[in-house]
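> Once you've had a glance at the structure underneath, I'll fire off some questions.
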Amino acid sequence: MAAPLTLLLIVAVTIRAALFRSSLADLISERVEVVSPLNAWKRVVEGLALLDLEISPYSGDVFHETPLVIYLFHFLVDYAEVTFMLADCLTAVALYLAVKDYNKQVFRKQRYALEADRYPMDCLELIRSPKEMYYIPLKVAMFYLLNPFTILSCVAKCTCGLNNAVIALFILSTIKGSALLSAIFLALATYQSIYPLTLCVPALLYLLQRLYIPVNVQRSSFWLYTLQYLFMFLGSLFILVGLSFFLLGSWDFLPAVYGFILSVPDLTPNIGLFWYFFAEMFDHFRLFFLCVFQINVFFYTLPLSIKLKEHPVFLIFMQIALIAIFKSYPTVGDLSLYLAFLPVWNHLYRFLRNIFLVSCVLLACSALFPVLWHLWIYAGSANSNFYYAITLLFSVAQILLVSDYFYAFLRREHHLINGLYLKKKDGSEATLVLK
């Protein structure tokens, strides 16, 4: 598999290098679907200019990235294109290795279950074979590297690509069973954008499951390991925040980065749900609805963790998708990370109900984004309602996609326990309804 992966990396780098040298690079870097006020490259450049003048990059309302990012590009600004291409390649390789190791564990569990006769005879067709799982890691890498959303994000030099690389390394460390590296990369991802904090629960569930520690609040081993992981995570996060203070000499970055993410003061249009709603919102309602919108990202963590406590990797996929949908400043680069996981769940295709409709809607919205933007901003024949309608439809399509996979996953698990062809007491065929 090393040769196909190497060829894939070469093709991906070639495409990106060609686009970097084309006239499209400047156009892509200005697209509101690709960059946001939080991660646009031109804002990083302005922050670097202020830093060179020995002025705090957070003194104005331009730069909102973390201090470690600006100091990273303080040394790598001349190699920015190479840095972003390497970040994409690193993400793809990390996902490839993580999925490869995960598939081995899935196959091992299936073999033990088959030997113990835990599966009903009529659901053996649902069992995944090594042959069909062999190319899944390569497909995951391909889905990430050749996804147009990923390519656009890289060519625009959106710092979202760096966040994706950190999350991919976190997933790899977790699946490999390294609690320390998992906690460090999770702290780094949380330091970058707050929302990956929700990934702490699935990571902890996976590591507990790997060590055969039951999720039982009455067991001391559960609390001991949980506290150890939280200590490593919080310790790493405090070190990163402390290092940022040491580099800047002030706490200006806290309101400029995290306050900016949570309070959403910049209402530049994007593919998210916040900008139009709060542009039309009365000021005295703003705080209440801001809390409601922000809680959306965190609210689903507990119920999903309870439902999927035996399947933490699928829970990670769900949480990454919810972050991409409900965060305050989303870009298409956020979508590319969770879309890369779709080949991992190719065994769920037979249970998906709306995949064709959702795929068509996502493609149509992607094509209509620049059209309606042009009609609104340049032609003047449309208004913000048109553009927000497409962003709303785009978000609804993503929600339908994620909920469809969630339904398909639960249905397959139900069939693995109760059999594929369900019967009523009178022998007639039963219909499965999941509530």
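Ordering of the structure tokens sets the chain letters (A, B, ...), residue numbers begin anew at 1 in every chain, and ligands are numbered from 1 in the order given.
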Quick one: everything within 12 Å of A:Ile213, counting only C-alpha atoms, minus sequence neighbours fewer than 6 positions away in the same chain. Send it as a count of residues only.
12
> Report the closest atom pair, with its distance in Å rounded to one decimal, for each residue of stretch 289-392 of chain A that has an atom no farther than 9 Å from stretch 149-157 of chain A; count only C-alpha atoms, sort by chain and then rising residue number, and write it as a tab-separated table.

```
residue	atom	partner	partner_atom	distance
A:Thr331	CA	A:Ser153	CA	8.2
A:Val332	CA	A:Phe149	CA	5.4
A:Gly333	CA	A:Ser153	CA	5.4
A:Asp334	CA	A:Thr150	CA	8.6
A:Leu335	CA	A:Phe149	CA	7.5
A:Ser336	CA	A:Thr150	CA	5.7
A:Leu337	CA	A:Thr150	CA	8.3
```
> Hey, what's within 10 Å of stretch 372-382 of chain A if we count only C-alpha atoms and toss same-chain stuff fewer than 5 positions away? As number ranges by chain, please?
A: 31-32, 269, 365, 367, 387-390
> Please, could you write that set of residues out with N, CA and C atoms as a PDB file, in the first residue's frame?

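This is the output file result16.pdb:
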```
ATOM      1  N   ARG A  31     -12.545  33.947  -1.436  1.00  0.00           N
ATOM      2  CA  ARG A  31     -13.879  33.361  -1.346  1.00  0.00           C
ATOM      3  C   ARG A  31     -14.307  33.196   0.112  1.00  0.00           C
ATOM      4  N   VAL A  32     -15.509  33.657   0.435  1.00  0.00           N
ATOM      5  CA  VAL A  32     -15.991  33.586   1.816  1.00  0.00           C
ATOM      6  C   VAL A  32     -16.332  32.160   2.226  1.00  0.00           C
ATOM      7  N   PRO A 269     -20.255  37.213   5.780  1.00  0.00           N
ATOM      8  CA  PRO A 269     -20.954  36.000   5.325  1.00  0.00           C
ATOM      9  C   PRO A 269     -20.027  34.795   5.201  1.00  0.00           C
ATOM     10  N   CYS A 365     -25.588  23.104  -3.911  1.00  0.00           N
ATOM     11  CA  CYS A 365     -25.235  24.256  -3.058  1.00  0.00           C
ATOM     12  C   CYS A 365     -23.808  24.726  -3.337  1.00  0.00           C
ATOM     13  N   ALA A 367     -22.212  24.558  -6.078  1.00  0.00           N
ATOM     14  CA  ALA A 367     -22.197  25.278  -7.358  1.00  0.00           C
ATOM     15  C   ALA A 367     -22.881  26.635  -7.263  1.00  0.00           C
ATOM     16  N   TYR A 387     -28.363  34.388  -0.546  1.00  0.00           N
ATOM     17  CA  TYR A 387     -27.130  33.694  -0.165  1.00  0.00           C
ATOM     18  C   TYR A 387     -27.336  32.894   1.126  1.00  0.00           C
ATOM     19  N   TYR A 388     -28.054  33.479   2.076  1.00  0.00           N
ATOM     20  CA  TYR A 388     -28.284  32.756   3.331  1.00  0.00           C
ATOM     21  C   TYR A 388     -29.169  31.535   3.105  1.00  0.00           C
ATOM     22  N   ALA A 389     -30.074  31.598   2.156  1.00  0.00           N
ATOM     23  CA  ALA A 389     -30.927  30.442   1.863  1.00  0.00           C
ATOM     24  C   ALA A 389     -30.077  29.244   1.430  1.00  0.00           C
ATOM     25  N   ILE A 390     -29.036  29.517   0.638  1.00  0.00           N
ATOM     26  CA  ILE A 390     -28.157  28.435   0.198  1.00  0.00           C
ATOM     27  C   ILE A 390     -27.297  27.929   1.353  1.00  0.00           C
TER      28      ILE A 390
END
```
> List the neighbours of stretch 401-403 of chain A out to 9 Å using only C-alpha atoms; skip same-chain residues closer than 5 positions along the sequence, and give me the result as a ChimeraX atom specification.
/A:318,321-322,354-355,358-359,396,408
> Could you pull the residues within 7 Å of stretch 273-276 of chain A, counting only C-alpha atoms, minus those fewer than 5 positions along the same chain, as a list of chain:residue names?
A:Leu267, A:Thr268, A:Ser328, A:Tyr388, A:Leu392
> For the selection just defined, write its residues with C-alpha atoms to a file, as a tab-separated table (two decimals), in the first residue's frame.

```tsv
chain	number	residue	atom	x	y	z
A	267	LEU	CA	-20.65	39.01	10.68
A	268	THR	CA	-18.88	38.50	7.36
A	328	SER	CA	-19.31	30.06	14.51
A	388	TYR	CA	-28.28	32.76	3.33
A	392	LEU	CA	-29.07	27.20	5.32
```
> Taking only C-alpha atoms into account, which of A:Leu72, A:Met121, A:Ala340, A:Leu243 comes nearest A:Leu145?
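Under the stated criterion, the closest residue is A:Ala340.
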> Which residues, written as JSON, numbers by chain, have at least one atom at most 8 Å from stretch 258-266 of chain A, with only C-alpha atoms counted and residues fewer than 5 positions away on the same chain left out?
{"A": [37, 38, 64, 193, 194, 253, 274, 275, 290, 294, 328, 329]}
> Select, from A:Phe185, A:Leu68, A:Lys100, A:Phe409, the residue with the minimum atom-to-atom distance to A:Leu308, counting only C-alpha atoms.
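For A:Leu308, the nearest of the given residues is A:Phe409.
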> Please return as a PyMOL selection string: the residues of stretch 279-430 of chain A that backbone DSSP assigns to alpha helix (DSSP H).
chain A and resi 279+283-299+301-307+312-326+332-339+355-373+384-418
> Go through A:Val297, A:Ala3, A:Val13, A:Val361 and flag the residue nearest A:Ile323, using only C-alpha atoms for the distances.
A:Val297
> Skipping near chain neighbours, those fewer than 4 positions away, what residues fall within 6 Å of A:Cys158 using only C-alpha atoms, listed as a ChimeraX atom specification?
/A:35,39-41,153
> Let me make sure I understand: among A:Leu186, A:Val34, A:Ile271, A:Leu339, which one has the smallest atom-to-atom distance to A:Ala141 if we use only C-alpha atoms?
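Selected residue with least distance to A:Ala141: A:Leu339.
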